[in-house]
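Colleague: Could you have a look at this structure, given as structure tokens, before my questions?
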2 protein chains.
Amino acid sequence: MKIAIEKAKNAGTGWVSVKNSNHFGIAGFHAMMALEHDMIGIAMTNASPLVAPTFSIDKMLGTNPIAVAAPAGKQPPFVADLATTTAANGKLEILQRKNMETPEGWVQDVGGNTSNDANILKKGGALLPLGGDREHGSHKGYALGAIVDIFSALLSGANYAPWVPPFPAYVPMPTQQPGKGIGHFLGAMRIDAFRPADDFKKDMDHWIEGFRNAKTIQGEEKVLVPGDPEREMELIRKKEGIPLLEVVVNDLKALQQKLGGKLLSFKLD
Amino acid sequence: MKIAIEKAKNAGTGWVSVKNSNHFGIAGFHAMMALEHDMIGIAMTNASPLVAPTFSIDKMLGTNPIAVAAPAGKQPPFVADLATTTAANGKLEILQRKNMETPEGWVQDVGGNTSNDANILKKGGALLPLGGDREHGSHKGYALGAIVDIFSALLSGANYAPWVPPFPAYVPMPTQQPGKGIGHFLGAMRIDAFRPADDFKKDMDHWIEGFRNAKTIQGEEKVLVPGDPEREMELIRKKEGIPLLEVVVNDLKALQQKLGGKLLSFKLD
């Protein structure tokens with residue numbers, strides 16, 4: 001991301017495709033690095049294959065997230081960070097630990113039937129592209145995941161599609177490795193390469209205020225701007241700490257017994 | 001798009017944000033202009049407000065499509081072209097003319113309740129972001145539509161969000177016009193700015209063949225690669241002509257009576 005930002009300083013925009021990498025953490029974190037330079041930041045990554053394209057039972061893509069951060073003036077920045085699946089794998093893992101079922105449209109079973117089993121990936125099932133089914137637009141979620149794969153891996157020479165190396169231990173290593181490691185794509189666009197940054201940021205304030213003031217459906221609290229929920233949660237967590245599920249605490253205690261060391265204070269969810 | 005391609009020839013990539021425009025036609029058409037230059041093409045546009053963000057009853061965004069075209073070697077190119085709503089407005093207009101209901105997750109009524117009424121936009125309803133509801137990820141479709149709006153209009157100085165001028169006659173003109181006309185965003189990336197183009201195209205062939213050979217859900221014919229259905233339909237239509245709905249033919253006949261001229265041959269759907 002630093003290279004993209006440096007290139008943008010010189011050329012107006014900067015774009016970097018990365019190979020031979022691994023899990024890159026939070027996509028939005030990288031995109032947000034552009035903000036202090038009055039640039040729009042873009043970050044995406046491919047990931048181990050857990051997602052079946054529309055009409056398929058094969059896991060051909062990762063959850064392949066896209067993040068975009070754009071600065072505002074008085075308002076906090078716009079930060080969108082989304083897996084191109086109905087739900088990110090981390091959301092599924094929380095349901096697994098809580099022994100809860102998934103909502104509709106998150107996963108399918110080994111035969112491609114709809115399922116609410118949060119453990120279905122371990123039984124040959126798959127995550128579903130954003131939309132969840134054809135009616136709700138899953139073919140578009142599949143296309144978006146494919147775009148992320150092409151930008152991140154085909155453009156860099158990383159592994160792609162079902163041949164991306166796995167993160168989770170229960171996914172077998174791919175038999176082919178057409179590229180190197182996992183791939184990312186990072187971009188930075190200087191706003192003043194297009195338009196005076198102050199004009200842009202004034203319009204962003206107006207844009208954000210427009211969405212915040214949009215009329216809600218009865219019973220809904222407010223209309224959110226991408227980045228709002230994460231920013232609010234960060235403030236709460238910084239003050240109150242991060243609550244942990246009991247199974248996670250037990251895992252940590254088991255690790256402590258095995259490896260020694262000291263378990264610092266924690267808060268149960 | 002030609003400017004983006006020329007800029008990419010000199011600098012590796014080229015990016016153009018456009019203001020004071022109107023309907024730009026098929027997003028994929030512009031993205032595909034990059035292909036013959038061994039470039040990846042990107043095209044997006046904002047549009048008149050028909051879409052309610054998650055939790056809202058206000059129409060704040062257009063169907064804001066994203067198109068990406070990437071060249072392959074022996075295989076035809078990858079061409080994704082998708083509205084960031086569950087369904088494009090054109091799909092809704094066809095259902096209106098056929099007097100048919102919409103599938104789940106395409107539209108909501110004036111109060112934000114799910115609806116299957118293809119005419120609901122004329123009654124204060126709205127199109128829904130990709131996903132259709134919160135469970136199926138509509139907050140991500142909303143974020144994607146917002147990204148298109150920022151790239152196309154905030155970066156160029158065009159109108160944005162609910163203040164984009166309308167295409168359809170039944171949508172009132174916005175009271176504010178914070179920018180000029182409608183906005184687009186176009187990009188071209190030289191593949192050999194990242195990696196030898198032949199290596200990329202060989203990998204794209206392998207990628208495309210992988211998806212074509214993915215196992216289907218029982219009862220489904222095949223797994224599609226973005227661009228396949230449009231390419232197949234183009235061949236059929238070039239041979240057999242474009243079938244028209246009777247209501248469209250009647251509209252054309254009414255126009256002919258009013259304006260004179262000659263109605264060429266047509267084929268009923």
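Lettering and numbering for the structure tokens are positional, with chains as A, B, ... in the shown order, residues counted from 1 in each chain, and ligands counted from 1 in the shown order.
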Could you build a table of the residues in chain B lying no more than 6 Å from chain A, giving for each the nearest pair of atoms and their separation in Å rounded to one decimal place, using only C-alpha atoms, ordered by chain and ascending residue number, as CSV?
Modeller:
```
residue,atom,partner,partner_atom,distance
B:Phe55,CA,A:Ile217,CA,5.5
B:Ser56,CA,A:Thr216,CA,4.2
B:Ile57,CA,A:Ile217,CA,5.6
B:Asp58,CA,A:Lys215,CA,5.8
B:Thr86,CA,A:Gly137,CA,5.1
B:Gly105,CA,A:His136,CA,5.8
B:Gly112,CA,A:Ile217,CA,5.5
B:Gly131,CA,A:Gly131,CA,4.1
B:Gly132,CA,A:His136,CA,5.9
B:His136,CA,A:Gly131,CA,5.1
B:Gly137,CA,A:Thr86,CA,5.1
B:Leu154,CA,A:Phe200,CA,5.9
B:Phe200,CA,A:Leu154,CA,5.9
B:Ala214,CA,A:Asp58,CA,6.0
B:Lys215,CA,A:Ser56,CA,5.6
B:Thr216,CA,A:Ser56,CA,4.2
B:Ile217,CA,A:Ser56,CA,5.1
B:Val223,CA,A:Phe55,CA,5.8
```
Colleague: Export, as an mmCIF file, in the first residue's frame, the selected residues with C-alpha atoms.
Modeller:
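The resulting selection-v2.cif:
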```
data_model
loop_
_atom_site.group_PDB
_atom_site.id
_atom_site.type_symbol
_atom_site.label_atom_id
_atom_site.label_comp_id
_atom_site.auth_asym_id
_atom_site.auth_seq_id
_atom_site.Cartn_x
_atom_site.Cartn_y
_atom_site.Cartn_z
ATOM 1 C CA PHE B 55 -32.924 0.166 6.429
ATOM 2 C CA SER B 56 -34.226 3.131 4.354
ATOM 3 C CA ILE B 57 -37.359 3.999 2.366
ATOM 4 C CA ASP B 58 -35.655 6.875 0.498
ATOM 5 C CA THR B 86 -30.431 -7.386 -7.239
ATOM 6 C CA GLY B 105 -35.604 -9.321 -3.123
ATOM 7 C CA GLY B 112 -39.982 -0.609 2.994
ATOM 8 C CA GLY B 131 -28.589 -9.090 -1.942
ATOM 9 C CA GLY B 132 -32.132 -7.731 -1.607
ATOM 10 C CA HIS B 136 -28.607 -11.928 1.821
ATOM 11 C CA GLY B 137 -26.094 -9.068 2.133
ATOM 12 C CA LEU B 154 -17.773 12.876 -6.270
ATOM 13 C CA PHE B 200 -1.536 -13.364 -17.887
ATOM 14 C CA ALA B 214 -16.516 -26.984 -12.375
ATOM 15 C CA LYS B 215 -19.072 -29.597 -11.243
ATOM 16 C CA THR B 216 -22.663 -28.387 -11.506
ATOM 17 C CA ILE B 217 -25.476 -28.743 -9.008
ATOM 18 C CA VAL B 223 -21.223 -23.178 -14.755
#
```
Colleague: Among stretch 46-195 of chain B, which ones does DSSP assign to strand (DSSP E) (computed from the backbone)? Answer as number ranges by chain.
Modeller: B: 66-70, 78-82, 107-108, 114-115, 126-127, 182-190
Colleague: How would the residues just chosen look if you wrote them out with N, CA and C atoms as a PDB file, in the first residue's frame?
Modeller:
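Final file, out36.pdb:
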```
ATOM      1  N   ILE B  66     -21.168  -1.783 -12.528  1.00  0.00           N
ATOM      2  CA  ILE B  66     -19.710  -1.949 -12.613  1.00  0.00           C
ATOM      3  C   ILE B  66     -19.442  -2.948 -13.742  1.00  0.00           C
ATOM      4  N   ALA B  67     -18.526  -2.603 -14.652  1.00  0.00           N
ATOM      5  CA  ALA B  67     -18.114  -3.558 -15.682  1.00  0.00           C
ATOM      6  C   ALA B  67     -16.601  -3.693 -15.670  1.00  0.00           C
ATOM      7  N   VAL B  68     -16.138  -4.926 -15.802  1.00  0.00           N
ATOM      8  CA  VAL B  68     -14.701  -5.212 -15.897  1.00  0.00           C
ATOM      9  C   VAL B  68     -14.495  -6.208 -17.027  1.00  0.00           C
ATOM     10  N   ALA B  69     -13.583  -5.906 -17.946  1.00  0.00           N
ATOM     11  CA  ALA B  69     -13.249  -6.814 -19.041  1.00  0.00           C
ATOM     12  C   ALA B  69     -11.763  -7.134 -18.984  1.00  0.00           C
ATOM     13  N   ALA B  70     -11.430  -8.427 -19.059  1.00  0.00           N
ATOM     14  CA  ALA B  70     -10.030  -8.859 -19.027  1.00  0.00           C
ATOM     15  C   ALA B  70      -9.785  -9.823 -20.184  1.00  0.00           C
ATOM     16  N   PHE B  78     -12.988 -12.410 -20.384  1.00  0.00           N
ATOM     17  CA  PHE B  78     -13.854 -12.326 -19.196  1.00  0.00           C
ATOM     18  C   PHE B  78     -14.525 -10.961 -19.238  1.00  0.00           C
ATOM     19  N   VAL B  79     -15.846 -10.925 -19.225  1.00  0.00           N
ATOM     20  CA  VAL B  79     -16.564  -9.643 -19.218  1.00  0.00           C
ATOM     21  C   VAL B  79     -17.674  -9.689 -18.173  1.00  0.00           C
ATOM     22  N   ALA B  80     -17.456  -9.018 -17.049  1.00  0.00           N
ATOM     23  CA  ALA B  80     -18.491  -8.900 -16.026  1.00  0.00           C
ATOM     24  C   ALA B  80     -19.139  -7.527 -16.165  1.00  0.00           C
ATOM     25  N   ASP B  81     -20.454  -7.468 -16.108  1.00  0.00           N
ATOM     26  CA  ASP B  81     -21.189  -6.199 -16.259  1.00  0.00           C
ATOM     27  C   ASP B  81     -22.437  -6.330 -15.404  1.00  0.00           C
ATOM     28  N   LEU B  82     -22.430  -5.682 -14.248  1.00  0.00           N
ATOM     29  CA  LEU B  82     -23.506  -5.933 -13.291  1.00  0.00           C
ATOM     30  C   LEU B  82     -23.973  -4.652 -12.615  1.00  0.00           C
ATOM     31  N   VAL B 107     -37.514  -5.576  -5.129  1.00  0.00           N
ATOM     32  CA  VAL B 107     -38.127  -4.269  -4.821  1.00  0.00           C
ATOM     33  C   VAL B 107     -38.776  -4.266  -3.442  1.00  0.00           C
ATOM     34  N   GLN B 108     -38.975  -3.063  -2.921  1.00  0.00           N
ATOM     35  CA  GLN B 108     -39.764  -2.897  -1.688  1.00  0.00           C
ATOM     36  C   GLN B 108     -40.843  -1.848  -1.949  1.00  0.00           C
ATOM     37  N   THR B 114     -41.207  -5.912   1.795  1.00  0.00           N
ATOM     38  CA  THR B 114     -40.913  -6.673   0.585  1.00  0.00           C
ATOM     39  C   THR B 114     -42.141  -6.674  -0.305  1.00  0.00           C
ATOM     40  N   SER B 115     -41.888  -6.679  -1.598  1.00  0.00           N
ATOM     41  CA  SER B 115     -42.968  -6.607  -2.578  1.00  0.00           C
ATOM     42  C   SER B 115     -42.560  -7.407  -3.807  1.00  0.00           C
ATOM     43  N   ALA B 126     -39.113   1.163  -4.156  1.00  0.00           N
ATOM     44  CA  ALA B 126     -37.701   1.306  -4.547  1.00  0.00           C
ATOM     45  C   ALA B 126     -37.119  -0.027  -4.981  1.00  0.00           C
ATOM     46  N   LEU B 127     -36.117   0.040  -5.848  1.00  0.00           N
ATOM     47  CA  LEU B 127     -35.269  -1.118  -6.130  1.00  0.00           C
ATOM     48  C   LEU B 127     -34.386  -1.373  -4.904  1.00  0.00           C
ATOM     49  N   ILE B 182     -24.767  13.642 -15.017  1.00  0.00           N
ATOM     50  CA  ILE B 182     -24.504  12.303 -14.472  1.00  0.00           C
ATOM     51  C   ILE B 182     -23.008  12.029 -14.583  1.00  0.00           C
ATOM     52  N   GLY B 183     -22.455  11.165 -13.713  1.00  0.00           N
ATOM     53  CA  GLY B 183     -21.014  10.907 -13.699  1.00  0.00           C
ATOM     54  C   GLY B 183     -20.653   9.480 -14.070  1.00  0.00           C
ATOM     55  N   HIS B 184     -19.502   9.313 -14.689  1.00  0.00           N
ATOM     56  CA  HIS B 184     -18.967   7.981 -15.018  1.00  0.00           C
ATOM     57  C   HIS B 184     -17.530   7.872 -14.501  1.00  0.00           C
ATOM     58  N   PHE B 185     -17.043   6.643 -14.427  1.00  0.00           N
ATOM     59  CA  PHE B 185     -15.642   6.392 -14.085  1.00  0.00           C
ATOM     60  C   PHE B 185     -15.128   5.299 -15.006  1.00  0.00           C
ATOM     61  N   LEU B 186     -14.004   5.570 -15.652  1.00  0.00           N
ATOM     62  CA  LEU B 186     -13.461   4.645 -16.651  1.00  0.00           C
ATOM     63  C   LEU B 186     -11.990   4.410 -16.375  1.00  0.00           C
ATOM     64  N   GLY B 187     -11.556   3.171 -16.527  1.00  0.00           N
ATOM     65  CA  GLY B 187     -10.157   2.862 -16.267  1.00  0.00           C
ATOM     66  C   GLY B 187      -9.602   1.855 -17.254  1.00  0.00           C
ATOM     67  N   ALA B 188      -8.301   1.947 -17.495  1.00  0.00           N
ATOM     68  CA  ALA B 188      -7.604   0.975 -18.347  1.00  0.00           C
ATOM     69  C   ALA B 188      -6.267   0.652 -17.691  1.00  0.00           C
ATOM     70  N   MET B 189      -5.973  -0.637 -17.556  1.00  0.00           N
ATOM     71  CA  MET B 189      -4.696  -1.068 -16.968  1.00  0.00           C
ATOM     72  C   MET B 189      -3.955  -1.928 -17.982  1.00  0.00           C
ATOM     73  N   ARG B 190      -2.772  -1.454 -18.384  1.00  0.00           N
ATOM     74  CA  ARG B 190      -1.917  -2.269 -19.264  1.00  0.00           C
ATOM     75  C   ARG B 190      -1.466  -3.496 -18.493  1.00  0.00           C
TER      76      ARG B 190
END
```
Colleague: Using DSSP on the backbone coordinates, identify the residues of stretch 98-181 of chain B assigned to helix (DSSP H, G or I); present them as a PyMOL selection string.
Modeller: chain B and resi 120-123+138-154+161-163
Colleague: Could you jot down the atom CA of B:Asn116 to atom CA of A:Asn116 separation for me, Å, one decimal place?
Modeller: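 Those two atoms sit 25.1 Å apart.
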Colleague: Enter the distance from atom CA of A:Lys267 to atom CA of A:Arg231, in Å, rounded to one decimal.
Modeller: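 Computed distance, atom CA of A:Lys267 to atom CA of A:Arg231, equals 20.5 Å.
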